[in-house]
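Peer 1: Got a file for you: protein-v4.txt, compact mmCIF, C-alpha atoms.
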```
# COMPACT_ATOMS: atom_id res chain seq x y z
CA MET A 1 0.00 0.00 0.00
CA MET A 2 1.36 3.41 -0.97
CA LEU A 3 1.27 6.10 1.67
CA THR A 4 0.96 9.79 0.96
CA CYS A 5 2.08 12.80 2.92
CA LEU A 6 1.83 16.54 2.64
CA PHE A 7 4.88 18.58 3.63
CA ILE A 8 4.13 22.25 4.22
CA ASN A 9 7.22 24.42 4.47
CA ASN A 10 8.45 27.45 2.54
CA ASP A 11 12.18 26.74 3.02
CA LEU A 12 13.68 25.05 -0.06
CA GLU A 13 16.60 23.53 1.87
CA GLU A 14 14.26 22.00 4.44
CA GLN A 15 12.04 20.68 1.64
CA ALA A 16 15.06 18.97 0.04
CA LEU A 17 16.25 17.53 3.36
CA PHE A 18 12.78 16.20 4.19
CA MET A 19 12.41 14.62 0.74
CA LYS A 20 15.81 12.92 1.01
CA ALA A 21 14.96 11.51 4.44
CA LEU A 22 11.51 10.39 3.27
CA LYS A 23 13.01 8.67 0.22
CA ASP A 24 15.46 6.80 2.45
CA VAL A 25 12.93 5.85 5.15
CA SER A 26 9.90 5.15 2.97
CA PRO A 27 10.79 5.18 -0.73
CA HIS A 28 7.26 4.34 -1.85
CA THR A 29 5.59 7.25 -0.06
CA LEU A 30 4.20 9.90 -2.37
CA CYS A 31 4.82 13.37 -0.97
CA PHE A 32 3.09 16.60 -1.94
CA ILE A 33 4.67 19.94 -1.04
CA ALA A 34 3.00 23.26 -0.30
CA ILE A 35 4.79 26.48 0.66
CA ASP A 36 2.24 27.54 3.27
CA GLY A 37 -0.83 26.33 5.13
CA LEU A 38 -3.23 28.05 2.77
CA GLY A 39 -1.62 26.32 -0.21
CA GLY A 40 -1.72 22.97 1.59
CA PHE A 41 -5.36 23.37 2.56
CA SER A 42 -6.28 24.45 -0.98
CA MET A 43 -4.38 21.48 -2.43
CA MET A 44 -6.43 19.08 -0.34
CA MET A 45 -9.75 20.78 -1.02
CA ASP A 46 -9.31 21.69 -4.70
CA LYS A 47 -7.39 18.64 -5.89
CA ASP A 48 -8.99 16.02 -3.62
CA ILE A 49 -5.63 15.09 -2.11
CA ILE A 50 -6.16 13.43 1.26
CA PRO A 51 -2.74 12.52 2.65
CA ASP A 52 -2.13 9.86 5.27
CA TYR A 53 -0.23 12.40 7.35
CA ILE A 54 0.87 16.04 7.26
CA PHE A 55 4.05 17.77 8.38
CA ILE A 56 3.78 21.55 8.73
CA GLU A 57 6.06 24.37 9.85
CA LEU A 58 4.65 26.39 12.74
CA ASP A 59 5.50 29.88 11.50
CA MET A 60 4.82 30.67 7.86
CA PRO A 61 3.25 33.43 5.78
CA GLU A 62 -0.41 33.26 4.75
CA MET A 63 -1.42 30.45 7.12
CA GLY A 64 0.88 28.98 9.75
CA GLY A 65 0.63 25.71 11.64
CA VAL A 66 -1.97 26.64 14.26
CA GLU A 67 -4.34 28.28 11.78
CA PHE A 68 -3.93 25.30 9.45
CA LEU A 69 -4.75 22.86 12.24
CA LYS A 70 -7.91 24.79 13.10
CA GLN A 71 -9.00 24.67 9.46
CA ILE A 72 -8.50 20.95 8.93
CA LYS A 73 -9.79 19.88 12.34
CA GLY A 74 -13.01 21.73 11.50
CA ASN A 75 -13.42 19.79 8.25
CA ASP A 76 -15.10 16.37 8.48
CA LEU A 77 -13.10 15.02 5.53
CA LEU A 78 -9.71 16.10 6.91
CA LYS A 79 -10.04 16.12 10.69
CA ASP A 80 -8.59 12.64 11.29
CA ILE A 81 -5.33 13.18 9.39
CA PRO A 82 -2.40 13.19 11.83
CA VAL A 83 -0.51 16.49 11.73
CA ILE A 84 3.04 16.89 13.02
CA VAL A 85 4.07 20.50 13.59
CA HIS A 86 7.69 21.60 13.35
CA ALA A 87 8.84 24.37 15.68
CA VAL A 88 12.50 24.82 16.59
CA SER A 89 11.90 26.31 20.01
CA PRO A 90 8.28 27.25 20.60
CA LEU A 91 7.27 29.21 23.64
CA PRO A 92 5.37 27.16 26.25
CA HIS A 93 2.06 28.86 25.44
CA LYS A 94 2.57 27.97 21.75
CA VAL A 95 3.08 24.30 22.62
CA ILE A 96 -0.24 24.31 24.47
CA GLU A 97 -1.93 26.13 21.58
CA ILE A 98 -0.55 23.62 19.04
CA LYS A 99 -1.76 20.62 21.05
CA GLU A 100 -5.18 22.20 21.71
CA ALA A 101 -5.54 22.87 17.98
CA GLY A 102 -5.22 19.12 17.38
CA ALA A 103 -1.59 18.35 16.49
CA GLU A 104 -0.54 14.73 16.69
CA ALA A 105 2.95 15.81 17.76
CA ILE A 106 5.46 18.63 17.75
CA TYR A 107 8.93 18.14 16.25
CA MET A 108 11.07 20.53 18.31
CA GLN A 109 14.56 20.63 16.89
CA ARG A 110 16.36 22.07 13.92
CA TYR A 111 15.97 20.11 10.73
CA ASN A 112 18.71 17.55 10.35
CA TYR A 113 18.78 14.34 8.39
CA ARG A 114 18.99 11.91 11.31
CA GLY A 115 16.25 13.67 13.29
CA ILE A 116 13.88 13.68 10.34
CA CYS A 117 14.57 10.00 9.63
CA ASN A 118 13.84 9.14 13.28
CA MET A 119 10.62 11.18 13.25
CA LEU A 120 9.49 9.60 9.99
CA ASN A 121 10.21 6.10 11.30
CA VAL A 122 8.01 6.75 14.33
CA TYR A 123 5.05 8.08 12.36
CA MET A 124 5.37 5.70 9.42
CA ASN A 125 5.28 2.78 11.85
CA MET A 126 2.21 4.22 13.59
CA ILE A 127 0.42 4.51 10.26
CA PHE A 128 1.40 1.01 9.15
CA VAL A 129 0.12 -0.43 12.43
CA ASN A 130 -3.14 1.49 12.13
CA LEU A 131 -3.61 0.36 8.51
CA SER A 132 -2.79 -3.29 9.16
CA PRO A 133 -5.71 -5.71 9.04
CA ASN A 134 -6.61 -7.23 12.41
```
The structure given in the file should be rewritten as structure tokens.
Peer 2:
Amino acid sequence: MMLTCLFINNDLEEQALFMKALKDVSPHTLCFIAIDGLGGFSMMMDKDIIPDYIFIELDMPEMGGVEFLKQIKGNDLLKDIPVIVHAVSPLPHKVIEIKEAGAEAIYMQRYNYRGICNMLNVYMNMIFVNLSPN
């Protein structure tokens, strides 16, 4: 079974690093990229792309991570998609806000290859377990 993900980040270097890690951890996963939350939300709504999971940067132009979470968690079609928010060093009140908005997890470190691979392994395994027949 092919998995799909949506990576929402406006930094080209971080996009490339994420795609390299994803290719190495799960080479058969199809990944869509959007440069901000509004673009990611529009991609899902306008193009009927419903990813298995979403990774989004907390702070971005147009629509950041918290606003994006509020949008998808209010949509019956999208509300059950796990969302992992990246924030290098969020303030404590932001962590609470992210969790209350419905994030599955928060990835709190600078992007590096090993860290992304570890994070992907955790969430890919969770998805595989949840998709496995009983």
Peer 1: Please, what distance in Å, to one decimal, runs between atom CA of A:Ile49 and atom CA of A:His28?
Peer 2: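 If I compute the distance from atom CA of A:Ile49 to atom CA of A:His28, I get 16.8 Å.
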Peer 1: In Å, how far is it from atom CA of A:Glu104 to atom CA of A:Ile81?
Peer 2: 8.9 Å
Peer 1: Hey, can you check how far atom CA of A:Asn121 sits from atom CA of A:Leu22?
Peer 2: 9.2 Å
Peer 1: Listing only residues of stretch 52-100 of chain A within 8 Å of stretch 2-9 of chain A, what is the closest atom pair and its distance in Å (to one decimal) for each, using all atoms listed in the file, sorted by chain and residue number ascending, as CSV?
Peer 2:
```
residue,atom,partner,partner_atom,distance
A:Asp52,CA,A:Thr4,CA,5.3
A:Tyr53,CA,A:Cys5,CA,5.0
A:Ile54,CA,A:Leu6,CA,4.7
A:Phe55,CA,A:Phe7,CA,4.9
A:Ile56,CA,A:Ile8,CA,4.6
A:Glu57,CA,A:Asn9,CA,5.5
A:Met60,CA,A:Asn9,CA,7.5
```
Peer 1: For a quick check of understanding, using only C-alpha atoms, which of A:Val85, A:Asp24, A:Asn75, A:Leu17 has the smallest distance to A:Gly37?
Peer 2: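 Distance minimum relative to A:Gly37 lands on A:Val85.
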Peer 1: Measuring between all atoms listed in the file, which one of A:Asn10, A:Ser89, A:Asn118, A:Gln109 shows the shortest distance to A:Leu38?
Peer 2: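 When distances to A:Leu38 are compared using all atoms listed in the file, the smallest one comes from A:Asn10.
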